[in-house]
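Structure file start03.cif (mmCIF, C-alpha atoms) follows.
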data_my_file
loop_
_atom_site.label_atom_id
_atom_site.label_comp_id
_atom_site.auth_asym_id
_atom_site.auth_seq_id
_atom_site.Cartn_x
_atom_site.Cartn_y
_atom_site.Cartn_z
CA MET A 1 234.03 206.92 106.41
CA ARG A 2 234.73 204.10 108.87
CA GLN A 3 234.83 200.59 107.45
CA GLY A 4 232.08 199.55 109.88
CA ASP A 5 229.71 202.20 108.52
CA HIS A 6 230.73 201.27 105.02
CA VAL A 7 229.78 197.61 105.61
CA ASP A 8 226.49 198.65 107.19
CA ASN A 9 225.70 200.86 104.21
CA LEU A 10 226.57 198.10 101.78
CA ILE A 11 224.35 195.57 103.55
CA ARG A 12 221.49 198.06 103.70
CA SER A 13 221.90 199.07 100.09
CA ALA A 14 222.19 195.48 98.81
CA LEU A 15 219.07 194.37 100.64
CA ARG A 16 217.01 197.36 99.56
CA THR A 17 218.15 197.24 95.95
CA SER A 18 217.32 193.56 95.74
CA VAL A 19 213.66 194.06 96.64
CA GLN A 20 212.71 197.68 96.04
CA SER A 21 211.43 197.26 92.50
CA GLU A 22 209.63 194.00 93.26
CA GLU A 23 205.85 193.94 93.46
CA PRO A 24 203.65 190.93 94.09
CA SER A 25 201.60 189.97 91.04
CA ALA A 26 198.02 191.21 90.92
CA THR A 27 196.67 187.67 91.09
CA VAL A 28 197.82 187.42 94.73
CA ARG A 29 195.24 190.00 95.83
CA ASP A 30 192.45 188.31 93.89
CA ALA A 31 193.40 184.87 95.21
CA LEU A 32 193.61 186.22 98.76
CA LEU A 33 190.14 187.77 98.65
CA ALA A 34 188.66 184.66 97.00
CA ASN A 35 190.24 182.38 99.62
CA ALA A 36 189.17 184.65 102.46
CA ALA A 37 185.59 184.72 101.11
CA SER A 38 185.56 180.94 100.77
CA ASN A 39 186.93 180.48 104.32
CA ASP A 40 184.34 182.90 105.69
CA THR A 41 181.52 181.10 103.90
CA LEU A 42 182.75 177.76 105.21
CA ARG A 43 182.96 179.17 108.71
CA SER A 44 179.51 180.76 108.63
CA THR A 45 177.89 177.70 107.01
CA LEU A 46 179.50 174.93 109.01
CA GLY A 47 180.30 176.82 112.18
CA PRO A 48 176.84 177.11 113.74
CA SER A 49 175.54 173.81 112.31
CA ILE A 50 178.40 171.57 113.50
CA PRO A 51 177.08 171.23 117.08
CA ALA A 52 173.64 170.40 115.70
CA ILE A 53 175.06 167.75 113.37
CA ALA A 54 177.15 166.27 116.17
CA SER A 55 174.24 166.05 118.59
CA GLY A 56 172.06 164.58 115.84
CA LEU A 57 174.63 161.85 115.22
CA GLN A 58 174.91 161.10 118.93
CA GLU A 59 171.13 160.82 119.16
CA CYS A 60 171.14 158.51 116.15
CA ASN A 61 173.79 156.25 117.69
CA LYS A 62 171.88 156.10 120.94
CA ARG A 63 168.68 155.06 119.18
CA ALA A 64 170.48 152.42 117.12
CA ALA A 65 171.99 150.91 120.28
CA GLU A 66 168.61 150.88 122.00
CA LEU A 67 167.03 149.24 118.96
CA ASP A 68 169.70 146.50 118.97
CA GLU A 69 169.02 145.79 122.63
CA GLN A 70 165.27 145.63 121.97
CA VAL A 71 165.73 143.20 119.07
CA VAL A 72 167.94 140.89 121.11
CA ALA A 73 165.61 141.06 124.08
CA ALA A 74 162.50 140.40 121.97
CA ASN A 75 164.00 137.43 120.17
CA PRO A 76 165.51 134.95 122.62
CA LEU A 77 166.17 132.54 119.77
CA ALA A 78 168.37 134.96 117.93
CA ARG A 79 171.58 133.62 119.47
CA ARG A 80 170.33 130.02 119.55
CA GLN A 81 169.62 130.22 115.82
CA LEU A 82 173.24 131.03 115.21
CA LEU A 83 174.25 128.04 117.27
CA LEU A 84 171.86 125.84 115.32
CA LEU A 85 173.26 127.13 112.05
CA ALA A 86 176.77 126.34 113.21
CA ALA A 87 175.89 122.88 114.51
CA PRO A 88 176.01 121.02 111.17
CA LEU A 89 179.54 122.22 110.66
CA TYR A 90 180.62 120.63 113.93
CA ALA A 91 178.65 117.50 113.01
CA VAL A 92 180.59 117.13 109.77
CA ARG A 93 183.85 117.29 111.64
CA MET B 1 187.00 214.70 101.90
CA THR B 2 187.08 211.63 104.13
CA SER B 3 190.31 210.51 105.74
CA ALA B 4 191.61 207.01 105.18
CA PRO B 5 190.33 204.49 107.72
CA THR B 6 192.76 203.59 110.49
CA ASP B 7 194.09 200.06 110.94
CA ARG B 8 191.95 199.78 114.03
CA GLU B 9 188.76 200.61 112.09
CA LEU B 10 189.71 198.22 109.32
CA ILE B 11 190.33 195.35 111.73
CA GLN B 12 186.99 196.02 113.40
CA ARG B 13 185.30 195.91 109.99
CA LEU B 14 187.19 192.72 109.22
CA CYS B 15 185.80 191.15 112.39
CA GLU B 16 182.34 191.92 111.05
CA GLY B 17 183.17 190.03 107.84
CA ASP B 18 183.90 193.04 105.62
CA LEU B 19 186.40 191.69 103.09
CA ALA B 20 186.87 195.12 101.50
CA ALA B 21 188.70 196.00 104.73
CA LEU B 22 191.06 193.09 104.11
CA GLY B 23 191.69 194.46 100.61
CA THR B 24 192.52 197.88 102.02
CA LEU B 25 194.89 196.41 104.62
CA TYR B 26 196.50 194.32 101.89
CA ASP B 27 197.05 197.41 99.73
CA ARG B 28 198.53 199.22 102.70
CA TYR B 29 200.92 196.53 103.93
CA ARG B 30 201.54 194.17 101.03
CA LEU B 31 205.07 195.49 100.37
CA LEU B 32 206.04 195.24 104.03
CA SER B 33 205.24 191.54 104.04
CA PHE B 34 206.30 190.78 100.46
CA HIS B 35 209.71 192.50 100.62
CA THR B 36 210.52 190.92 103.97
CA ALA B 37 209.54 187.46 102.73
CA LEU B 38 211.45 187.97 99.48
CA ALA B 39 214.59 189.17 101.25
CA ILE B 40 214.53 186.12 103.53
CA THR B 41 213.54 183.41 101.05
CA ARG B 42 215.01 184.85 97.79
CA ASP B 43 212.14 183.09 96.05
CA ARG B 44 209.41 185.15 94.41
CA GLN B 45 206.81 182.39 94.36
CA ALA B 46 207.44 181.59 98.01
CA ALA B 47 207.23 185.29 98.91
CA GLU B 48 203.84 185.57 97.16
CA ASP B 49 202.56 182.47 98.96
CA ILE B 50 203.77 183.85 102.28
CA LEU B 51 202.14 187.20 101.53
CA GLN B 52 198.80 185.56 100.83
CA GLU B 53 199.05 183.28 103.86
CA CYS B 54 199.92 186.22 106.08
CA PHE B 55 196.77 188.14 105.11
CA LEU B 56 194.63 185.00 105.34
CA LYS B 57 195.86 184.68 108.92
CA LEU B 58 195.02 188.34 109.48
CA ASN B 59 191.47 187.57 108.31
CA SER B 60 191.19 184.48 110.52
CA TYR B 61 192.77 185.97 113.63
CA ALA B 62 191.27 189.47 113.34
CA PRO B 63 189.01 189.02 116.41
CA ARG B 64 192.06 188.07 118.51
CA ILE B 65 194.29 190.94 117.41
CA ASP B 66 194.84 193.64 120.03
CA ILE B 67 193.72 196.75 118.16
CA SER B 68 195.28 199.05 120.74
CA LEU B 69 198.72 197.99 119.41
CA PRO B 70 200.18 198.81 115.99
CA LEU B 71 199.55 196.19 113.32
CA GLU B 72 202.99 196.23 111.67
CA PRO B 73 204.88 194.19 114.29
CA TRP B 74 202.14 191.53 114.12
CA LEU B 75 202.47 191.37 110.32
CA TYR B 76 206.26 191.15 110.55
CA ARG B 77 205.97 188.36 113.08
CA VAL B 78 203.61 186.27 110.94
CA THR B 79 205.63 186.92 107.77
CA VAL B 80 208.93 185.98 109.41
CA ASN B 81 207.45 182.83 110.97
CA LEU B 82 206.06 181.73 107.61
CA ALA B 83 209.38 182.51 105.89
CA TYR B 84 211.26 180.55 108.56
CA THR B 85 208.99 177.55 108.03
CA TRP B 86 209.59 177.77 104.29
CA ILE B 87 213.38 177.95 104.73
CA SER B 88 213.39 175.02 107.16
CA ARG B 89 211.34 172.83 104.81
CA ARG B 90 213.52 173.75 101.86
CA ALA B 91 216.70 173.05 103.80
CA ARG B 92 215.55 169.47 104.37
CA TRP B 93 215.58 168.55 100.70
CA ILE B 94 218.07 170.89 99.11
CA THR B 95 221.75 170.42 99.81
CA SER B 96 223.62 173.63 100.15
CA LEU B 97 224.42 173.94 96.47
CA GLU B 98 225.02 177.63 96.83
CA SER B 99 227.71 177.12 99.44
CA VAL B 100 229.41 174.57 97.16
CA VAL B 101 229.34 177.08 94.31
CA ASP B 102 230.63 179.76 96.65
CA ARG B 103 233.59 177.58 97.60
CA LEU B 104 234.36 176.83 93.95
CA VAL B 105 234.35 180.46 92.91
CA ALA B 106 236.14 181.76 96.00
CA PRO B 107 239.66 181.82 94.43
CA ALA B 108 238.29 183.83 91.53
CA ARG B 109 236.87 186.33 93.96
CA ALA B 110 240.14 186.67 95.82
CA SER B 111 241.89 187.68 92.62
CA ALA B 112 239.17 190.11 91.59
CA GLU B 113 240.22 193.52 90.48
CA TYR B 114 240.24 196.33 92.94
CA HIS B 115 237.52 198.32 91.32
CA VAL B 116 234.53 196.11 91.60
CA GLU B 117 231.25 197.36 90.26
CA LEU B 118 228.75 198.15 92.98
CA SER B 119 226.21 195.82 91.41
CA GLU B 120 228.71 192.96 91.56
CA LEU B 121 229.45 193.77 95.17
CA GLN B 122 225.76 193.68 95.87
CA THR B 123 225.47 190.29 94.21
CA VAL B 124 228.31 189.00 96.36
CA LEU B 125 226.71 190.48 99.43
CA GLN B 126 223.35 189.00 98.53
CA ARG B 127 224.92 185.55 98.26
CA ALA B 128 226.62 186.12 101.58
CA ILE B 129 223.28 187.05 103.16
CA ASP B 130 221.70 183.93 101.64
CA SER B 131 224.40 181.80 103.20
CA LEU B 132 223.69 183.07 106.73
CA PRO B 133 221.87 180.70 109.10
CA PRO B 134 218.11 181.45 108.97
CA THR B 135 217.91 183.10 112.38
CA GLN B 136 220.80 185.46 111.56
CA ARG B 137 219.41 186.13 108.09
CA MET B 138 216.02 187.10 109.52
CA THR B 139 217.65 189.41 112.04
CA VAL B 140 219.82 191.05 109.38
CA VAL B 141 216.81 191.55 107.07
CA LEU B 142 214.65 193.06 109.80
CA TYR B 143 217.46 195.35 110.95
CA TYR B 144 218.86 196.54 107.62
CA LEU B 145 215.89 196.27 105.27
CA ASN B 146 213.02 197.11 107.59
CA ASP B 147 214.94 199.44 109.94
CA LEU B 148 213.46 197.80 113.02
CA SER B 149 215.08 198.47 116.38
CA LEU B 150 216.59 195.64 118.43
CA LYS B 151 213.57 195.76 120.72
CA GLU B 152 211.15 195.50 117.81
CA ILE B 153 213.10 192.60 116.32
CA SER B 154 213.05 190.89 119.70
CA TYR B 155 209.22 191.09 119.65
CA VAL B 156 208.96 189.87 116.05
CA LEU B 157 211.31 186.92 116.58
CA ASP B 158 210.14 186.33 120.14
CA CYS B 159 213.70 186.36 121.55
CA PRO B 160 215.51 188.41 124.21
CA VAL B 161 217.22 191.59 122.99
CA GLY B 162 220.59 190.08 123.95
CA THR B 163 220.05 187.18 121.55
CA ILE B 164 219.13 189.59 118.76
CA LYS B 165 222.27 191.65 119.44
CA SER B 166 224.40 188.54 119.29
CA ARG B 167 222.77 187.28 116.07
CA LEU B 168 223.22 190.66 114.45
CA HIS B 169 226.85 190.84 115.55
CA TYR B 170 227.75 187.36 114.22
CA GLY B 171 225.71 187.85 111.04
CA ARG B 172 227.42 191.14 110.36
CA GLU B 173 230.86 189.69 111.09
CA GLN B 174 230.24 186.84 108.68
CA LEU B 175 229.11 189.26 105.96
CA LYS B 176 232.14 191.42 106.60
CA ARG B 177 234.46 188.41 106.31
CA GLN B 178 232.96 187.46 102.97
CA LEU B 179 233.23 191.03 101.74
CA GLN B 180 236.82 191.40 102.91
CA PRO B 181 238.46 190.52 99.56
CA TYR B 182 236.49 193.35 97.99
CA LEU B 183 236.69 195.86 100.79
CA LYS B 184 240.38 195.80 101.68
CA PRO B 185 241.75 196.93 98.34
CA ARG B 186 239.05 199.55 98.04
CA LEU B 187 240.07 201.16 101.29
CA GLU B 188 243.64 201.60 100.13
CA PRO B 189 244.31 204.96 98.51
CA THR B 190 244.46 204.93 94.74
CA VAL B 191 245.74 207.67 92.54
CA SER B 192 243.25 208.99 90.04
CA ASN B 193 243.73 212.26 88.15
CA GLY B 194 246.33 213.28 90.64
CA HIS B 195 243.93 212.97 93.61
CA SER B 196 244.15 210.47 96.39
CA VAL B 197 240.74 208.82 96.64
CA THR B 198 239.47 206.01 98.79
CA ALA B 199 236.80 203.75 97.46
CA GLY B 200 234.71 204.41 100.54
CA GLU B 201 234.36 208.01 99.43
CA GLU B 202 233.28 206.96 95.98
CA LEU B 203 230.31 205.12 97.41
#

Can you give me the file's structure in the form of structure tokens?
Amino acid sequence: MRQGDHVDNLIRSALRTSVQSEEPSATVRDALLANAASNDTLRSTLGPSIPAIASGLQECNKRAAELDEQVVAANPLARRQLLLLAAPLYAVR
Amino acid sequence: MTSAPTDRELIQRLCEGDLAALGTLYDRYRLLSFHTALAITRDRQAAEDILQECFLKLNSYAPRIDISLPLEPWLYRVTVNLAYTWISRRARWITSLESVVDRLVAPARASAEYHVELSELQTVLQRAIDSLPPTQRMTVVLYYLNDLSLKEISYVLDCPVGTIKSRLHYGREQLKRQLQPYLKPRLEPTVSNGHSVTAGEEL
């Protein structure tokens, strides 16, 4: 037997012997299926509804911005009131 | 009697959300992934984590898998990538204690007796494999443990065949160097019961 073949056989044998009797524990299968089920549920629950939630939030933001503009426009004193509130402070100085 | 479903059928069922198909694929290929991960990482817990992660990826990526191709190379590829990530992370925080130990015990090895038990030789070899750089170790594992061809390894590791050849050559040379103190004496003829026997023949 050539030394090269001998080395190859040793490497092969050492690697195979080191793992051949090893089995993953049974809990791995259970955990895998539980995780896969949980991921699938998350995907099917959130997946289709995410665009709806996102567009709902955008709509909400838009309305809030419009409402702010309306409040400012309807109350011309709003900014002046702030100035009036700040005035005494300047007076004290 | 119904024949076992093919990988193709199982992946199609998986795409439809049938987790029993994932269980069947796991039962079919768990050792392929687990043994490869274990041989690369030498850590049982890590190998189990990699095994689980590999099949979770199979579940997630099932719609993107080309069912006209065999599944095994895809599983090898994912397993090896996960194992490589694990080794790289581990290497960041663990100093090479094993190599230090190897250096300390090297003189003892050199003076070892000629007739070394095969199990001891395997332990030495296993340490030598562990000390290979990750890319060489993965190549050696895929070639010697999984019997993959150079072309198949080149697909799994996403490298040209020439690179795989070179990694295998240097990995093998390094293993041979570390085995030399054990091999040389064993190849010399020894007299036993009047017969000239080489250790190579004994194995």

Run the PyMOL selection byres ((chain A) within 8 of (chain B)) mentally over the shown coordinates, then write out the matched residues as JSON, numbers by chain, using the chain letters and numbers from the document. {"A": [1, 3, 6, 7, 8, 10, 11, 12, 13, 14, 15, 16, 18, 19, 20, 22, 23, 24, 25, 28, 29, 31, 32, 33, 35, 36, 37, 40]}

Taking the file as shown, what set of residues would the PyMOL selection byres ((chain B and resi 75) around 9) give back, as a list in words? Tyr29, Leu32, Ser33, Cys54, Phe55, Leu58, Leu71, Glu72, Pro73, Trp74, Tyr76, Arg77, Val78, Thr79, Val80 and Val156 of chain B

Would you output that residue set with C-alpha atoms, as an mmCIF file, in the frame of the given file?
data_model
loop_
_atom_site.group_PDB
_atom_site.id
_atom_site.type_symbol
_atom_site.label_atom_id
_atom_site.label_comp_id
_atom_site.auth_asym_id
_atom_site.auth_seq_id
_atom_site.Cartn_x
_atom_site.Cartn_y
_atom_site.Cartn_z
ATOM 1 C CA TYR B 29 200.920 196.530 103.930
ATOM 2 C CA LEU B 32 206.040 195.240 104.030
ATOM 3 C CA SER B 33 205.240 191.540 104.040
ATOM 4 C CA CYS B 54 199.920 186.220 106.080
ATOM 5 C CA PHE B 55 196.770 188.140 105.110
ATOM 6 C CA LEU B 58 195.020 188.340 109.480
ATOM 7 C CA LEU B 71 199.550 196.190 113.320
ATOM 8 C CA GLU B 72 202.990 196.230 111.670
ATOM 9 C CA PRO B 73 204.880 194.190 114.290
ATOM 10 C CA TRP B 74 202.140 191.530 114.120
ATOM 11 C CA TYR B 76 206.260 191.150 110.550
ATOM 12 C CA ARG B 77 205.970 188.360 113.080
ATOM 13 C CA VAL B 78 203.610 186.270 110.940
ATOM 14 C CA THR B 79 205.630 186.920 107.770
ATOM 15 C CA VAL B 80 208.930 185.980 109.410
ATOM 16 C CA VAL B 156 208.960 189.870 116.050
#

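When the PyMOL selection byres ((chain B and resi 133) around 12) is evaluated against the file, it yields Ile40, Thr41, Tyr84, Ile87, Ser88, Ala91, Ser96, Ser99, Ala128, Ile129, Asp130, Ser131, Leu132, Pro134, Thr135, Gln136, Arg137, Met138, Thr139, Val140, Arg167, Leu168, Tyr170, Gly171, Arg172, Gln174 and Leu175 of chain B.
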
Keeping only C-alpha atoms, write the selected residues to a file as a PDB file, in the frame of the given file.
ATOM      1  CA  ILE B  40     214.530 186.120 103.530  1.00  0.00           C
ATOM      2  CA  THR B  41     213.540 183.410 101.050  1.00  0.00           C
ATOM      3  CA  TYR B  84     211.260 180.550 108.560  1.00  0.00           C
ATOM      4  CA  ILE B  87     213.380 177.950 104.730  1.00  0.00           C
ATOM      5  CA  SER B  88     213.390 175.020 107.160  1.00  0.00           C
ATOM      6  CA  ALA B  91     216.700 173.050 103.800  1.00  0.00           C
ATOM      7  CA  SER B  96     223.620 173.630 100.150  1.00  0.00           C
ATOM      8  CA  SER B  99     227.710 177.120  99.440  1.00  0.00           C
ATOM      9  CA  ALA B 128     226.620 186.120 101.580  1.00  0.00           C
ATOM     10  CA  ILE B 129     223.280 187.050 103.160  1.00  0.00           C
ATOM     11  CA  ASP B 130     221.700 183.930 101.640  1.00  0.00           C
ATOM     12  CA  SER B 131     224.400 181.800 103.200  1.00  0.00           C
ATOM     13  CA  LEU B 132     223.690 183.070 106.730  1.00  0.00           C
ATOM     14  CA  PRO B 134     218.110 181.450 108.970  1.00  0.00           C
ATOM     15  CA  THR B 135     217.910 183.100 112.380  1.00  0.00           C
ATOM     16  CA  GLN B 136     220.800 185.460 111.560  1.00  0.00           C
ATOM     17  CA  ARG B 137     219.410 186.130 108.090  1.00  0.00           C
ATOM     18  CA  MET B 138     216.020 187.100 109.520  1.00  0.00           C
ATOM     19  CA  THR B 139     217.650 189.410 112.040  1.00  0.00           C
ATOM     20  CA  VAL B 140     219.820 191.050 109.380  1.00  0.00           C
ATOM     21  CA  ARG B 167     222.770 187.280 116.070  1.00  0.00           C
ATOM     22  CA  LEU B 168     223.220 190.660 114.450  1.00  0.00           C
ATOM     23  CA  TYR B 170     227.750 187.360 114.220  1.00  0.00           C
ATOM     24  CA  GLY B 171     225.710 187.850 111.040  1.00  0.00           C
ATOM     25  CA  ARG B 172     227.420 191.140 110.360  1.00  0.00           C
ATOM     26  CA  GLN B 174     230.240 186.840 108.680  1.00  0.00           C
ATOM     27  CA  LEU B 175     229.110 189.260 105.960  1.00  0.00           C
TER      28      LEU B 175
END

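Counting from CA of Ala34 in chain A, the distance to CA of Gln12 in chain B is 20.0 Å.
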
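The spacing separating CA of Cys15 in chain B from CA of Arg28 in chain B amounts to 17.9 Å.
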
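Note that the spacing between CA of Ala46 in chain B and CA of Asn81 in chain B amounts to 13.0 Å.
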
Starting from the sparse input, extend range 15-26 of chain A to N, CA, C and O atoms and give the output as a PDB file, keeping the file's coordinate frame.
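The result, stored in selection_9.pdb:
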ATOM      1  N   LEU A  15     220.390 194.933 100.318  1.00  0.00           N
ATOM      2  CA  LEU A  15     219.070 194.370 100.640  1.00  0.00           C
ATOM      3  C   LEU A  15     217.952 195.185 100.003  1.00  0.00           C
ATOM      4  O   LEU A  15     217.015 194.643  99.441  1.00  0.00           O
ATOM      5  N   ARG A  16     218.084 196.497 100.093  1.00  0.00           N
ATOM      6  CA  ARG A  16     217.010 197.360  99.560  1.00  0.00           C
ATOM      7  C   ARG A  16     216.949 197.278  98.038  1.00  0.00           C
ATOM      8  O   ARG A  16     215.874 197.204  97.458  1.00  0.00           O
ATOM      9  N   THR A  17     218.135 197.292  97.419  1.00  0.00           N
ATOM     10  CA  THR A  17     218.150 197.240  95.950  1.00  0.00           C
ATOM     11  C   THR A  17     217.538 195.938  95.456  1.00  0.00           C
ATOM     12  O   THR A  17     216.860 195.909  94.437  1.00  0.00           O
ATOM     13  N   SER A  18     217.786 194.860  96.219  1.00  0.00           N
ATOM     14  CA  SER A  18     217.320 193.560  95.740  1.00  0.00           C
ATOM     15  C   SER A  18     215.798 193.419  95.754  1.00  0.00           C
ATOM     16  O   SER A  18     215.245 192.602  95.050  1.00  0.00           O
ATOM     17  N   VAL A  19     215.119 194.224  96.565  1.00  0.00           N
ATOM     18  CA  VAL A  19     213.660 194.060  96.640  1.00  0.00           C
ATOM     19  C   VAL A  19     212.850 195.287  96.231  1.00  0.00           C
ATOM     20  O   VAL A  19     211.655 195.173  95.973  1.00  0.00           O
ATOM     21  N   GLN A  20     213.502 196.442  96.151  1.00  0.00           N
ATOM     22  CA  GLN A  20     212.710 197.680  96.040  1.00  0.00           C
ATOM     23  C   GLN A  20     211.823 197.765  94.803  1.00  0.00           C
ATOM     24  O   GLN A  20     210.738 198.342  94.861  1.00  0.00           O
ATOM     25  N   SER A  21     212.260 197.150  93.710  1.00  0.00           N
ATOM     26  CA  SER A  21     211.430 197.260  92.500  1.00  0.00           C
ATOM     27  C   SER A  21     210.463 196.083  92.371  1.00  0.00           C
ATOM     28  O   SER A  21     209.714 195.993  91.399  1.00  0.00           O
ATOM     29  N   GLU A  22     210.477 195.198  93.341  1.00  0.00           N
ATOM     30  CA  GLU A  22     209.630 194.000  93.260  1.00  0.00           C
ATOM     31  C   GLU A  22     208.228 194.278  93.805  1.00  0.00           C
ATOM     32  O   GLU A  22     208.077 194.874  94.859  1.00  0.00           O
ATOM     33  N   GLU A  23     207.258 193.806  93.058  1.00  0.00           N
ATOM     34  CA  GLU A  23     205.850 193.940  93.460  1.00  0.00           C
ATOM     35  C   GLU A  23     205.207 192.564  93.360  1.00  0.00           C
ATOM     36  O   GLU A  23     205.508 191.826  92.417  1.00  0.00           O
ATOM     37  N   PRO A  24     204.343 192.213  94.270  1.00  0.00           N
ATOM     38  CA  PRO A  24     203.650 190.930  94.090  1.00  0.00           C
ATOM     39  C   PRO A  24     202.709 191.014  92.892  1.00  0.00           C
ATOM     40  O   PRO A  24     202.196 192.097  92.597  1.00  0.00           O
ATOM     41  N   SER A  25     202.493 189.906  92.208  1.00  0.00           N
ATOM     42  CA  SER A  25     201.600 189.970  91.040  1.00  0.00           C
ATOM     43  C   SER A  25     200.162 190.225  91.495  1.00  0.00           C
ATOM     44  O   SER A  25     199.788 189.901  92.636  1.00  0.00           O
ATOM     45  N   ALA A  26     199.394 190.797  90.578  1.00  0.00           N
ATOM     46  CA  ALA A  26     198.020 191.210  90.920  1.00  0.00           C
ATOM     47  C   ALA A  26     197.145 190.025  91.301  1.00  0.00           C
ATOM     48  O   ALA A  26     196.170 190.179  92.042  1.00  0.00           O
TER      49      ALA A  26
END
